[in-house]
file start-v4.cif (mmCIF, C-alpha atoms and all ligand atoms)
data_start
loop_
_atom_site.label_atom_id
_atom_site.label_comp_id
_atom_site.auth_asym_id
_atom_site.auth_seq_id
_atom_site.Cartn_x
_atom_site.Cartn_y
_atom_site.Cartn_z
CA MET A 11 132.95 63.63 -137.59
CA SER A 12 136.47 62.84 -136.68
CA VAL A 13 136.88 60.86 -133.50
CA VAL A 14 139.25 62.23 -130.86
CA SER A 15 140.93 59.86 -128.38
CA ALA A 16 142.96 61.15 -125.45
CA ILE A 17 145.79 58.91 -124.26
CA THR A 18 146.38 59.12 -120.56
CA GLY A 19 147.87 57.12 -117.71
CA LEU A 20 150.58 57.28 -115.06
CA PRO A 21 154.06 58.58 -115.96
CA TYR A 22 156.37 56.27 -117.87
CA VAL A 23 153.91 53.56 -118.82
CA GLY A 24 154.41 53.83 -122.60
CA LYS A 25 151.84 56.48 -123.59
CA THR A 26 154.08 58.30 -126.05
CA THR A 27 155.46 55.03 -127.41
CA LEU A 28 151.86 53.98 -128.14
CA PHE A 29 151.01 57.41 -129.56
CA ASN A 30 153.96 57.21 -131.97
CA LEU A 31 152.94 53.72 -132.99
CA LEU A 32 149.36 54.75 -133.72
CA THR A 33 150.05 58.00 -135.53
CA GLY A 34 153.44 57.40 -137.12
CA ALA A 35 154.83 60.35 -135.14
CA HIS A 36 158.28 60.45 -133.59
CA ALA A 37 157.61 62.27 -130.33
CA ALA A 38 160.33 61.89 -127.69
CA THR A 39 159.88 58.93 -125.35
CA GLY A 40 161.64 57.94 -122.17
CA SER A 41 162.10 61.51 -120.98
CA PHE A 42 159.94 61.25 -117.83
CA SER A 43 158.54 64.70 -118.58
CA GLY A 44 155.15 63.77 -119.95
CA ALA A 45 153.21 65.68 -117.32
CA GLU A 46 154.96 68.98 -118.09
CA ALA A 47 155.40 68.44 -121.82
CA GLU A 48 153.00 69.88 -124.39
CA THR A 49 150.24 67.52 -125.48
CA ASN A 50 151.31 65.54 -128.55
CA VAL A 51 148.69 65.56 -131.27
CA GLY A 52 148.56 63.18 -134.22
CA VAL A 53 146.19 61.47 -136.62
CA ALA A 54 145.77 57.76 -137.35
CA LYS A 55 144.25 56.47 -140.55
CA VAL A 56 141.47 54.01 -139.78
CA PRO A 57 142.56 50.72 -141.35
CA ASP A 58 139.72 49.44 -143.54
CA ALA A 59 140.28 46.79 -146.17
CA ARG A 60 136.86 47.58 -147.66
CA VAL A 61 138.08 51.03 -148.67
CA ASP A 62 141.11 49.49 -150.36
CA GLN A 63 138.95 46.98 -152.24
CA LEU A 64 136.55 49.69 -153.39
CA ALA A 65 139.51 51.76 -154.53
CA ALA A 66 140.75 48.80 -156.56
CA LEU A 67 137.36 48.72 -158.34
CA TYR A 68 136.91 52.46 -158.96
CA ARG A 69 140.57 53.40 -159.42
CA PRO A 70 139.77 56.89 -158.09
CA LYS A 71 142.12 59.89 -158.18
CA LYS A 72 142.04 59.91 -154.40
CA THR A 73 141.39 57.36 -151.66
CA THR A 74 140.58 58.70 -148.22
CA HIS A 75 140.34 56.61 -145.08
CA ALA A 76 138.52 57.79 -141.96
CA GLU A 77 140.72 59.28 -139.26
CA VAL A 78 141.04 59.15 -135.50
CA MET A 79 142.86 61.97 -133.79
CA TYR A 80 145.05 61.03 -130.84
CA ARG A 81 146.19 63.35 -128.06
CA ASP A 82 148.99 62.12 -125.84
CA LEU A 83 148.94 63.83 -122.49
CA GLY A 84 150.73 62.83 -119.35
CA LEU A 85 149.55 62.85 -115.78
CA ALA A 86 151.90 63.90 -113.01
CA HIS A 87 152.56 61.43 -110.25
CA ALA A 88 150.54 63.18 -107.57
CA GLU A 89 151.21 62.84 -103.85
CA LYS A 90 147.51 63.33 -103.26
CA PRO A 91 144.74 62.61 -105.76
CA GLY A 92 143.48 65.75 -107.46
CA GLN A 93 146.92 67.20 -108.14
CA GLY A 94 147.88 65.10 -111.13
CA ILE A 95 146.25 66.94 -114.02
CA SER A 96 147.15 70.47 -115.08
CA PRO A 97 144.29 72.77 -116.19
CA GLN A 98 145.43 72.72 -119.83
CA LYS A 99 145.57 68.92 -119.88
CA LEU A 100 142.12 68.83 -118.29
CA GLY A 101 140.82 70.73 -121.30
CA ASP A 102 142.56 68.34 -123.70
CA LEU A 103 140.92 65.43 -121.91
CA ARG A 104 137.44 66.89 -121.64
CA THR A 105 137.08 67.70 -125.31
CA ALA A 106 137.95 64.15 -126.43
CA ASP A 107 135.34 61.53 -127.35
CA ALA A 108 137.05 58.66 -125.56
CA LEU A 109 139.96 58.01 -123.23
CA VAL A 110 142.74 55.53 -123.81
CA HIS A 111 144.21 54.59 -120.41
CA VAL A 112 147.61 53.05 -120.78
CA VAL A 113 148.57 50.78 -117.90
CA ARG A 114 151.96 49.19 -117.58
CA ALA A 115 152.17 45.41 -117.48
CA PHE A 116 155.71 45.05 -118.85
CA GLY A 117 158.36 44.12 -116.35
CA ASP A 118 161.55 45.57 -117.89
CA PRO A 119 163.73 46.45 -114.84
CA SER A 120 165.53 49.15 -116.85
CA VAL A 121 162.31 51.20 -116.93
CA PRO A 122 161.45 52.59 -113.47
CA HIS A 123 157.86 52.53 -112.18
CA VAL A 124 156.60 55.52 -110.21
CA ASP A 125 155.06 53.24 -107.61
CA GLY A 126 157.96 50.85 -107.41
CA SER A 127 156.26 47.79 -108.84
CA VAL A 128 154.22 46.62 -111.84
CA ASP A 129 150.52 46.39 -110.99
CA PRO A 130 148.14 47.35 -113.79
CA VAL A 131 144.98 47.02 -111.65
CA ARG A 132 146.36 49.36 -108.98
CA ASP A 133 147.46 51.85 -111.64
CA LEU A 134 144.08 51.78 -113.32
CA ALA A 135 142.42 52.60 -110.00
CA ALA A 136 144.93 55.40 -109.34
CA VAL A 137 144.17 57.12 -112.63
CA GLU A 138 140.41 56.65 -112.19
CA LEU A 139 140.70 58.27 -108.78
CA GLU A 140 142.51 61.23 -110.30
CA LEU A 141 139.69 61.68 -112.83
CA LEU A 142 137.09 61.23 -110.07
CA PHE A 143 138.68 64.05 -108.11
CA ALA A 144 138.66 66.34 -111.12
CA ASP A 145 134.93 65.70 -111.66
CA HIS A 146 134.19 66.02 -107.95
CA GLY A 147 135.76 69.48 -107.91
CA VAL A 148 133.66 70.59 -110.88
CA VAL A 149 130.40 69.34 -109.33
CA GLU A 150 131.17 70.88 -105.95
CA ARG A 151 131.97 74.30 -107.39
CA ARG A 152 128.87 74.26 -109.59
CA LEU A 153 126.59 73.26 -106.72
CA GLU A 154 127.96 76.13 -104.61
CA ARG A 155 127.28 78.63 -107.36
CA LEU A 156 123.84 77.22 -108.08
CA GLU A 157 122.50 78.15 -104.62
CA PRO A 158 122.47 81.95 -105.05
CA GLU A 159 121.42 81.55 -108.70
CA LEU A 160 118.44 79.46 -107.64
CA ARG A 161 117.30 82.07 -105.12
CA SER A 162 116.86 84.70 -107.82
CA ALA A 163 115.72 82.44 -110.71
CA LYS A 164 112.08 82.24 -111.77
CA GLY A 165 109.86 80.23 -114.08
CA ILE A 166 111.49 77.98 -116.65
CA GLU A 167 114.97 79.14 -115.69
CA ARG A 168 114.30 78.01 -112.17
CA GLU A 169 113.03 74.63 -113.33
CA THR A 170 116.14 74.11 -115.46
CA LYS A 171 118.44 74.95 -112.58
CA GLU A 172 116.46 72.75 -110.18
CA ARG A 173 116.90 69.87 -112.62
CA GLU A 174 120.61 70.57 -112.93
CA LYS A 175 120.96 70.61 -109.15
CA ALA A 176 119.15 67.29 -108.80
CA VAL A 177 121.42 65.59 -111.35
CA LEU A 178 124.55 67.11 -109.80
CA GLN A 179 123.48 65.78 -106.42
CA LYS A 180 123.17 62.32 -107.94
CA ALA A 181 126.59 62.80 -109.47
CA ILE A 182 128.27 63.85 -106.27
CA ALA A 183 126.77 60.89 -104.42
CA ALA A 184 128.25 58.55 -107.03
CA LEU A 185 131.65 60.26 -106.93
CA ASP A 186 131.69 60.20 -103.11
CA ALA A 187 131.23 56.44 -103.37
CA GLU A 188 134.14 56.38 -105.87
CA ARG A 189 131.84 55.36 -108.71
CA PRO A 190 132.62 56.87 -112.12
CA LEU A 191 129.77 58.86 -113.66
CA ARG A 192 129.67 56.39 -116.58
CA ASP A 193 127.78 54.12 -114.20
CA LEU A 194 125.06 56.68 -113.48
CA ASP A 195 121.63 55.96 -114.98
CA LEU A 196 120.36 59.20 -116.47
CA ASP A 197 117.32 59.83 -118.62
CA PRO A 198 117.81 61.98 -121.74
CA GLU A 199 116.69 65.16 -119.94
CA GLU A 200 119.12 64.59 -117.09
CA GLU A 201 121.87 63.74 -119.54
CA LYS A 202 121.25 67.02 -121.33
CA ALA A 203 121.41 68.94 -118.06
CA ILE A 204 125.02 67.90 -117.40
CA ARG A 205 126.38 67.24 -120.89
CA GLY A 206 128.12 70.60 -120.99
CA PHE A 207 130.43 69.70 -118.08
CA ARG A 208 132.04 66.94 -120.11
CA PHE A 209 132.80 64.90 -117.03
CA LEU A 210 135.94 62.80 -117.35
CA THR A 211 134.51 59.77 -115.58
CA ARG A 212 131.52 59.74 -117.93
CA MET A 213 133.72 59.28 -121.00
CA PRO A 214 134.08 55.81 -122.55
CA VAL A 215 137.40 54.26 -121.59
CA LEU A 216 139.66 51.95 -123.50
CA VAL A 217 142.25 50.38 -121.24
CA ALA A 218 145.41 49.65 -123.22
CA VAL A 219 147.40 47.07 -121.28
CA ASN A 220 151.05 47.45 -122.24
CA LEU A 221 152.25 43.84 -122.10
CA ASP A 222 155.61 42.16 -121.90
CA GLU A 223 156.64 40.62 -125.19
CA SER A 224 156.70 37.22 -123.49
CA ASP A 225 152.99 37.51 -122.59
CA ILE A 226 151.73 38.11 -126.13
CA THR A 227 150.79 34.52 -126.85
CA ALA A 228 149.09 33.95 -123.48
CA PRO A 229 147.90 37.40 -122.40
CA GLU A 230 144.83 36.39 -120.35
CA LYS A 231 146.84 35.82 -117.16
CA VAL A 232 147.63 39.54 -117.18
CA LEU A 233 144.48 40.80 -118.92
CA GLY A 234 142.00 38.84 -116.79
CA PRO A 235 142.32 40.93 -113.61
CA VAL A 236 142.32 44.17 -115.64
CA ARG A 237 139.16 43.02 -117.45
CA THR A 238 137.50 42.31 -114.11
CA ALA A 239 138.45 45.73 -112.73
CA ALA A 240 137.48 47.68 -115.86
CA GLY A 241 134.41 45.54 -116.48
CA ALA A 242 132.98 46.52 -113.11
CA HIS A 243 132.08 49.81 -114.81
CA ARG A 244 130.16 50.66 -117.95
CA ALA A 245 131.52 51.88 -121.25
CA SER A 246 134.93 50.32 -120.90
CA ALA A 247 136.97 47.88 -122.93
CA VAL A 248 140.39 46.27 -122.53
CA VAL A 249 142.90 45.96 -125.36
CA PRO A 250 146.36 44.38 -125.14
CA VAL A 251 149.28 46.21 -126.73
CA CYS A 252 153.01 45.67 -126.75
CA ALA A 253 153.96 49.25 -127.41
CA LYS A 254 157.72 49.14 -127.69
CA ILE A 255 158.09 46.15 -129.96
CA GLU A 256 155.01 47.10 -132.00
CA ALA A 257 156.42 50.60 -132.51
CA GLU A 258 159.62 49.03 -133.84
CA ILE A 259 157.63 46.74 -136.14
CA ALA A 260 155.54 49.64 -137.43
CA GLU A 261 158.71 51.22 -138.82
CA LEU A 262 159.40 48.20 -141.06
CA PRO A 263 158.17 47.77 -144.66
CA PRO A 264 154.65 46.21 -144.62
CA ASP A 265 155.58 42.65 -145.67
CA GLU A 266 158.52 42.46 -143.26
CA ALA A 267 156.29 43.87 -140.52
CA ALA A 268 153.65 41.20 -141.16
CA ALA A 269 156.25 38.43 -141.01
CA PHE A 270 157.72 39.79 -137.78
CA ARG A 271 154.27 40.08 -136.18
CA LYS A 272 153.50 36.50 -137.08
CA GLU A 273 156.78 35.35 -135.61
CA ILE A 274 156.06 36.85 -132.18
CA GLY A 275 152.40 35.82 -132.22
CA LEU A 276 150.66 39.11 -133.00
CA ALA A 277 147.65 38.58 -135.23
CA GLU A 278 147.30 42.19 -136.38
CA PRO A 279 148.74 45.66 -135.79
CA ALA A 280 147.92 47.47 -132.53
CA LEU A 281 146.21 50.21 -134.54
CA ASP A 282 143.64 47.76 -135.94
CA ARG A 283 142.84 46.39 -132.48
CA LEU A 284 142.57 49.80 -130.86
CA ILE A 285 140.48 51.41 -133.58
CA ARG A 286 138.08 48.46 -133.75
CA ALA A 287 137.61 48.62 -129.97
CA THR A 288 137.14 52.40 -130.14
CA TYR A 289 134.43 52.11 -132.80
CA GLU A 290 132.67 49.37 -130.83
CA LEU A 291 132.89 51.33 -127.60
CA LEU A 292 131.51 54.51 -129.17
CA GLY A 293 128.94 52.73 -131.34
CA LEU A 294 130.48 54.06 -134.55
CA CYS A 295 130.10 52.75 -138.09
CA SER A 296 131.68 53.58 -141.43
CA PHE A 297 129.89 54.29 -144.66
CA PHE A 298 131.48 55.05 -148.00
CA THR A 299 131.14 57.46 -150.87
CA THR A 300 132.52 56.21 -154.15
CA GLY A 301 133.29 57.56 -157.58
CA GLU A 302 136.06 58.18 -160.09
CA ASP A 303 137.27 61.20 -158.16
CA GLU A 304 137.34 59.75 -154.69
CA VAL A 305 136.61 56.67 -152.64
CA ARG A 306 136.16 57.74 -149.07
CA ALA A 307 135.15 56.39 -145.66
CA TRP A 308 133.04 58.45 -143.26
CA THR A 309 132.39 57.89 -139.58
CA VAL A 310 128.91 58.14 -138.07
CA SER A 311 126.97 56.73 -135.15
CA CYS A 312 125.61 53.33 -136.17
CA GLY A 313 122.02 53.59 -137.27
CA ALA A 314 122.13 57.36 -137.80
CA PRO A 315 119.36 58.53 -140.17
CA ALA A 316 120.63 58.87 -143.75
CA GLN A 317 120.00 62.60 -143.74
CA GLN A 318 122.10 63.13 -140.62
CA ALA A 319 124.83 60.82 -141.97
CA ALA A 320 124.91 62.94 -145.14
CA GLY A 321 125.81 65.86 -142.88
CA ALA A 322 129.15 64.16 -142.15
CA ILE A 323 130.03 64.75 -145.81
CA HIS A 324 128.77 68.32 -146.01
CA THR A 325 126.11 70.39 -144.25
CA ASP A 326 124.55 71.19 -147.67
CA LEU A 327 123.89 67.49 -148.20
CA GLU A 328 122.06 67.31 -144.91
CA ARG A 329 120.12 70.54 -145.46
CA GLY A 330 119.10 69.76 -149.03
CA PHE A 331 118.77 65.98 -148.65
CA ILE A 332 116.22 64.48 -151.06
CA ARG A 333 117.03 60.77 -151.09
CA ALA A 334 119.98 58.41 -151.17
CA GLU A 335 121.07 55.46 -153.27
CA VAL A 336 122.40 52.77 -150.95
CA ILE A 337 124.16 49.45 -151.40
CA GLN A 338 126.36 47.23 -149.21
CA TRP A 339 130.00 47.50 -150.31
CA ASP A 340 130.43 43.76 -150.99
CA GLN A 341 127.26 43.59 -153.08
CA LEU A 342 128.65 46.32 -155.26
CA LEU A 343 131.96 44.51 -155.59
CA LYS A 344 130.08 41.37 -156.60
CA ALA A 345 128.04 43.29 -159.18
CA GLY A 346 131.27 44.71 -160.57
CA SER A 347 129.96 48.22 -161.21
CA GLU A 348 127.22 50.63 -160.18
CA ALA A 349 125.58 50.24 -163.60
CA ASN A 350 125.34 46.48 -163.07
CA ALA A 351 124.04 46.95 -159.54
CA LYS A 352 121.31 49.27 -160.82
CA ARG A 353 120.36 46.85 -163.57
CA GLN A 354 120.10 44.06 -161.01
CA GLY A 355 117.95 46.29 -158.81
CA ILE A 356 120.21 45.90 -155.77
CA MET A 357 120.99 49.61 -155.49
CA ARG A 358 118.17 50.82 -153.24
CA ILE A 359 116.55 54.22 -152.93
CA GLU A 360 116.23 55.27 -149.28
CA GLY A 361 114.70 58.31 -147.57
CA LYS A 362 115.78 60.74 -144.85
CA GLN A 363 115.03 58.44 -141.93
CA TYR A 364 116.78 55.35 -143.30
CA PRO A 365 119.19 54.08 -140.59
CA ILE A 366 122.62 53.80 -142.18
CA LYS A 367 124.50 50.54 -141.60
CA ASP A 368 128.17 49.74 -141.37
CA GLY A 369 129.73 49.11 -144.79
CA GLU A 370 127.10 50.79 -146.92
CA ILE A 371 127.89 52.96 -149.90
CA MET A 372 125.68 56.02 -150.05
CA HIS A 373 125.13 58.47 -152.90
CA VAL A 374 123.19 61.47 -151.67
CA LEU A 375 120.80 63.31 -154.00
CA PHE A 376 120.30 66.82 -152.71
CA ASN A 377 119.17 70.26 -153.67
CA VAL A 378 120.07 73.53 -151.92
N1 LIG A 401 160.17 46.98 -122.24
C1 LIG A 401 159.28 47.85 -122.64
N2 LIG A 401 159.53 49.16 -122.49
C2 LIG A 401 158.61 50.03 -122.89
C3 LIG A 401 157.37 49.63 -123.47
N3 LIG A 401 156.65 50.74 -123.76
C4 LIG A 401 157.41 51.78 -123.39
N4 LIG A 401 158.59 51.39 -122.87
C5 LIG A 401 159.70 52.20 -122.37
O1 LIG A 401 159.25 52.92 -121.25
C6 LIG A 401 159.82 54.22 -121.22
C7 LIG A 401 158.73 55.24 -121.15
O2 LIG A 401 157.99 55.21 -122.35
P1 LIG A 401 157.16 56.46 -122.84
O3 LIG A 401 156.41 56.05 -124.06
O4 LIG A 401 158.00 57.67 -122.91
O5 LIG A 401 156.13 56.57 -121.62
P2 LIG A 401 155.13 57.76 -121.27
O6 LIG A 401 153.99 57.13 -120.58
O7 LIG A 401 154.85 58.57 -122.47
O8 LIG A 401 156.00 58.60 -120.23
P3 LIG A 401 155.81 60.12 -119.76
O9 LIG A 401 155.17 60.85 -120.89
O10 LIG A 401 157.20 60.59 -119.46
O11 LIG A 401 154.96 60.04 -118.55
C8 LIG A 401 160.66 54.35 -122.49
O12 LIG A 401 161.98 54.08 -122.16
C9 LIG A 401 160.08 53.27 -123.38
O13 LIG A 401 161.04 52.78 -124.31
C10 LIG A 401 157.15 48.22 -123.62
O14 LIG A 401 156.10 47.79 -124.15
N5 LIG A 401 158.12 47.39 -123.18
MG MG A 402 155.09 60.65 -122.82
#
call {"tool": "encode", "arguments": {"input": "start-v4.cif", "output": "structure tokens"}}
result
Amino acid sequence: MSVVSAITGLPYVGKTTLFNLLTGAHAATGSFSGAEAETNVGVAKVPDARVDQLAALYRPKKTTHAEVMYRDLGLAHAEKPGQGISPQKLGDLRTADALVHVVRAFGDPSVPHVDGSVDPVRDLAAVELELLFADHGVVERRLERLEPELRSAKGIERETKEREKAVLQKAIAALDAERPLRDLDLDPEEEKAIRGFRFLTRMPVLVAVNLDESDITAPEKVLGPVRTAAGAHRASAVVPVCAKIEAEIAELPPDEAAAFRKEIGLAEPALDRLIRATYELLGLCSFFTTGEDEVRAWTVSCGAPAQQAAGAIHTDLERGFIRAEVIQWDQLLKAGSEANAKRQGIMRIEGKQYPIKDGEIMHVLFNV
């Protein structure tokens, strides 16, 4: 699986600047046309030093990092909530795995703010409200259409629709109270009944707080209130970024970039922080396949059964899965080679149900 993150937020908060920084793209910034512009699409390589170390051992023909796809889509500054997202952008949002909300915390007077002042907590609430309205509209329309359908439905079909109606009523009650659907407790059956709607307020949210350069070394003053606001809801995380300066740094050669980061007090690139938070938020892990041809990282849900994880590589491997040879990446590095690891008995044989862990190397034996 390749993870898809949708970058959203009010106009002119630094979404495209962040997108460029993450994906190495050069999409136009500062044009104030994000809401009308086409969605920018780009791919970020997931930084993973383990992959690089494994590549140094195997010296493969090809080294492939995992990827996260980013979509940069603007919201219009709506007079009334519910008018800010165009239908096409709604689709781009709904089909993502996670949202990245960019909120502006930088003061720069040369960059206008649509609401006249810098207030990341207010902006966060404004965007949430916009998403709430979008979901509310979907639930309302579906409930209206369900009534006549229910009158003619029978048997199992009727039961299914009754269940859908009950969950949608729970949903609308939450939305009426301005609670995002992430906060709704649903059992697996209920979850299944509404999964297809891909509600925006049920998606995990990463709040990227676009800081002033001067706040990098002591960001909590700014981040604290955002953490409190975001933390009031489930499935959310807060990550500081400094989009403009970090985008400039990302253009430098790696050693110069590292020196510059150190100088201004940034411990690591924004990409590393954002991707780590995304994986944590979505409960994702990486496992590796290794060999002379390719060393490669794959993304799966943490604890996925080995057979299902094999499906990330190829459906044949899942279908014809027999067993897997598994070892933690650092144990293999310590052993120096797979042959040594086998001799030492630290390369284990695992079956279909084995829950894969972060950092494991897996060789799948299969037969189709
Ligand atoms: N000082 C400062 N300016 C920034 C920062 N991030 C972005 N900007 C500036 O803010 C303006 C808007 O940035 P964009 O990245 O285009 O913002 P956007 O959210 O994509 O805007 P739209 O797509 O038009 O809604 C540009 O002039 C950027 O250079 C930052 O961290 N600090
Ligand atoms: Mg933009």
call {"tool": "residues_near_ligand", "arguments": {"input": "start-v4.cif", "ligand": "ligand MG 402 (chain A)", "cutoff": "9 Å", "atoms": "all atoms listed in the file", "output": "list in words"}}
result
Pro21, Tyr22, Val23, Gly24, Lys25, Thr26, Thr27, Phe29, Ala37, Ala38, Thr39, Gly40, Ser41, Phe42, Ser43, Gly44, Ala45, Ala47, Thr49, Asn50, Asp82, Leu83 and Gly84 of chain A
call {"tool": "write_last_selection", "arguments": {"input": "start-v4.cif", "atoms": "C-alpha atoms", "output": "JSON list (two decimals), in the coordinates of the input"}}
result
[["chain", "number", "residue", "atom", "x", "y", "z"],
["A", 21, "PRO", "CA", 154.06, 58.58, -115.96],
["A", 22, "TYR", "CA", 156.37, 56.27, -117.87],
["A", 23, "VAL", "CA", 153.91, 53.56, -118.82],
["A", 24, "GLY", "CA", 154.41, 53.83, -122.60],
["A", 25, "LYS", "CA", 151.84, 56.48, -123.59],
["A", 26, "THR", "CA", 154.08, 58.30, -126.05],
["A", 27, "THR", "CA", 155.46, 55.03, -127.41],
["A", 29, "PHE", "CA", 151.01, 57.41, -129.56],
["A", 37, "ALA", "CA", 157.61, 62.27, -130.33],
["A", 38, "ALA", "CA", 160.33, 61.89, -127.69],
["A", 39, "THR", "CA", 159.88, 58.93, -125.35],
["A", 40, "GLY", "CA", 161.64, 57.94, -122.17],
["A", 41, "SER", "CA", 162.10, 61.51, -120.98],
["A", 42, "PHE", "CA", 159.94, 61.25, -117.83],
["A", 43, "SER", "CA", 158.54, 64.70, -118.58],
["A", 44, "GLY", "CA", 155.15, 63.77, -119.95],
["A", 45, "ALA", "CA", 153.21, 65.68, -117.32],
["A", 47, "ALA", "CA", 155.40, 68.44, -121.82],
["A", 49, "THR", "CA", 150.24, 67.52, -125.48],
["A", 50, "ASN", "CA", 151.31, 65.54, -128.55],
["A", 82, "ASP", "CA", 148.99, 62.12, -125.84],
["A", 83, "LEU", "CA", 148.94, 63.83, -122.49],
["A", 84, "GLY", "CA", 150.73, 62.83, -119.35]]
call {"tool": "atom_distance", "arguments": {"input": "start-v4.cif", "atom1": "atom CA of Thr288 of chain A", "atom2": "atom CA of Ile255 of chain A"}}
result
21.9 Å
call {"tool": "axis_aligned_box", "arguments": {"input": "start-v4.cif", "around": "ligand LIG 401 (chain A)", "padding_each_side": "6 Å", "output": "JSON"}}
result
{"center_x": 158.0, "center_y": 53.9, "center_z": -121.4, "size_x": 20.0, "size_y": 25.9, "size_z": 17.8}
call {"tool": "closest_residue", "arguments": {"input": "start-v4.cif", "among": "A:His373, A:Arg151, A:Arg114, A:Arg81", "to": "ligand LIG 401 (chain A)", "atoms": "only C-alpha atoms and all ligand atoms"}}
result
A:Arg114
call {"tool": "residues_around", "arguments": {"input": "start-v4.cif", "residues": "segment 87-93 of chain A", "least_positions_apart": "5", "cutoff": "7 Å", "atoms": "all atoms listed in the file", "output": "list in words"}}
result
Leu20, Pro21, Leu139, Glu140, Phe143 and Ala144 of chain A
call {"tool": "closest_residue", "arguments": {"input": "start-v4.cif", "among": "A:Ala183, A:Ala203, A:Val131, A:Leu67", "to": "Ser347 of chain A", "atoms": "only C-alpha atoms"}}
result
A:Leu67
call {"tool": "closest_residue", "arguments": {"input": "start-v4.cif", "among": "A:Ala54, A:Ala322, A:Ala59, A:Ile17", "to": "Val137 of chain A", "atoms": "all atoms listed in the file"}}
result
A:Ile17
call {"tool": "closest_residue", "arguments": {"input": "start-v4.cif", "among": "A:Gly346, A:Pro250, A:Gly206, A:Pro315", "to": "Pro279 of chain A", "atoms": "only C-alpha atoms"}}
result
A:Pro250
call {"tool": "atom_distance", "arguments": {"input": "start-v4.cif", "atom1": "atom CA of Ala65 of chain A", "atom2": "atom CA of Arg358 of chain A"}}
result
21.4 Å
call {"tool": "closest_residue", "arguments": {"input": "start-v4.cif", "among": "A:Leu294, A:Ile285, A:Ala86, A:Ile204", "to": "ligand LIG 401 (chain A)", "atoms": "all atoms listed in the file"}}
result
A:Ala86
call {"tool": "closest_residue", "arguments": {"input": "start-v4.cif", "among": "A:Glu328, A:Glu256, A:Asp62, A:Asp107", "to": "ligand LIG 401 (chain A)", "atoms": "all atoms listed in the file"}}
result
A:Glu256
call {"tool": "atom_distance", "arguments": {"input": "start-v4.cif", "atom1": "atom CA of Glu174 of chain A", "atom2": "atom CA of Arg161 of chain A"}}
result
14.3 Å
call {"tool": "residues_around", "arguments": {"input": "start-v4.cif", "residues": "Ala135 of chain A", "least_positions_apart": "4", "cutoff": "12 Å", "atoms": "only C-alpha atoms", "output": "list in words"}}
result
Gly19, Leu20, Pro91, His111, Val112, Val113, Asp129, Pro130, Val131, Leu139, Glu140, Leu141, Leu142, Glu188, Arg189, Pro190, Val217, Val236, Ala239, Ala240, Ala242 and His243 of chain A
call {"tool": "decode", "arguments": {"input": "start-v4.cif", "residues": "segment 213-229 of chain A", "atoms": "C-alpha atoms", "output": "mmCIF file, in the first residue's frame"}}
result
data_model
loop_
_atom_site.group_PDB
_atom_site.id
_atom_site.type_symbol
_atom_site.label_atom_id
_atom_site.label_comp_id
_atom_site.auth_asym_id
_atom_site.auth_seq_id
_atom_site.Cartn_x
_atom_site.Cartn_y
_atom_site.Cartn_z
ATOM 1 C CA MET A 213 -10.085 10.717 8.841
ATOM 2 C CA PRO A 214 -6.952 10.915 11.003
ATOM 3 C CA VAL A 215 -5.609 14.463 11.091
ATOM 4 C CA LEU A 216 -2.087 15.730 11.321
ATOM 5 C CA VAL A 217 -2.011 19.409 12.195
ATOM 6 C CA ALA A 218 1.083 21.022 10.687
ATOM 7 C CA VAL A 219 1.705 24.264 12.554
ATOM 8 C CA ASN A 220 3.625 26.591 10.255
ATOM 9 C CA LEU A 221 5.871 28.424 12.726
ATOM 10 C CA ASP A 222 7.867 31.607 12.646
ATOM 11 C CA GLU A 223 11.576 30.957 12.334
ATOM 12 C CA SER A 224 12.078 32.696 15.676
ATOM 13 C CA ASP A 225 9.831 30.142 17.436
ATOM 14 C CA ILE A 226 11.744 27.044 16.314
ATOM 15 C CA THR A 227 13.814 26.673 19.454
ATOM 16 C CA ALA A 228 10.893 27.288 21.841
ATOM 17 C CA PRO A 229 7.814 26.168 19.910
#
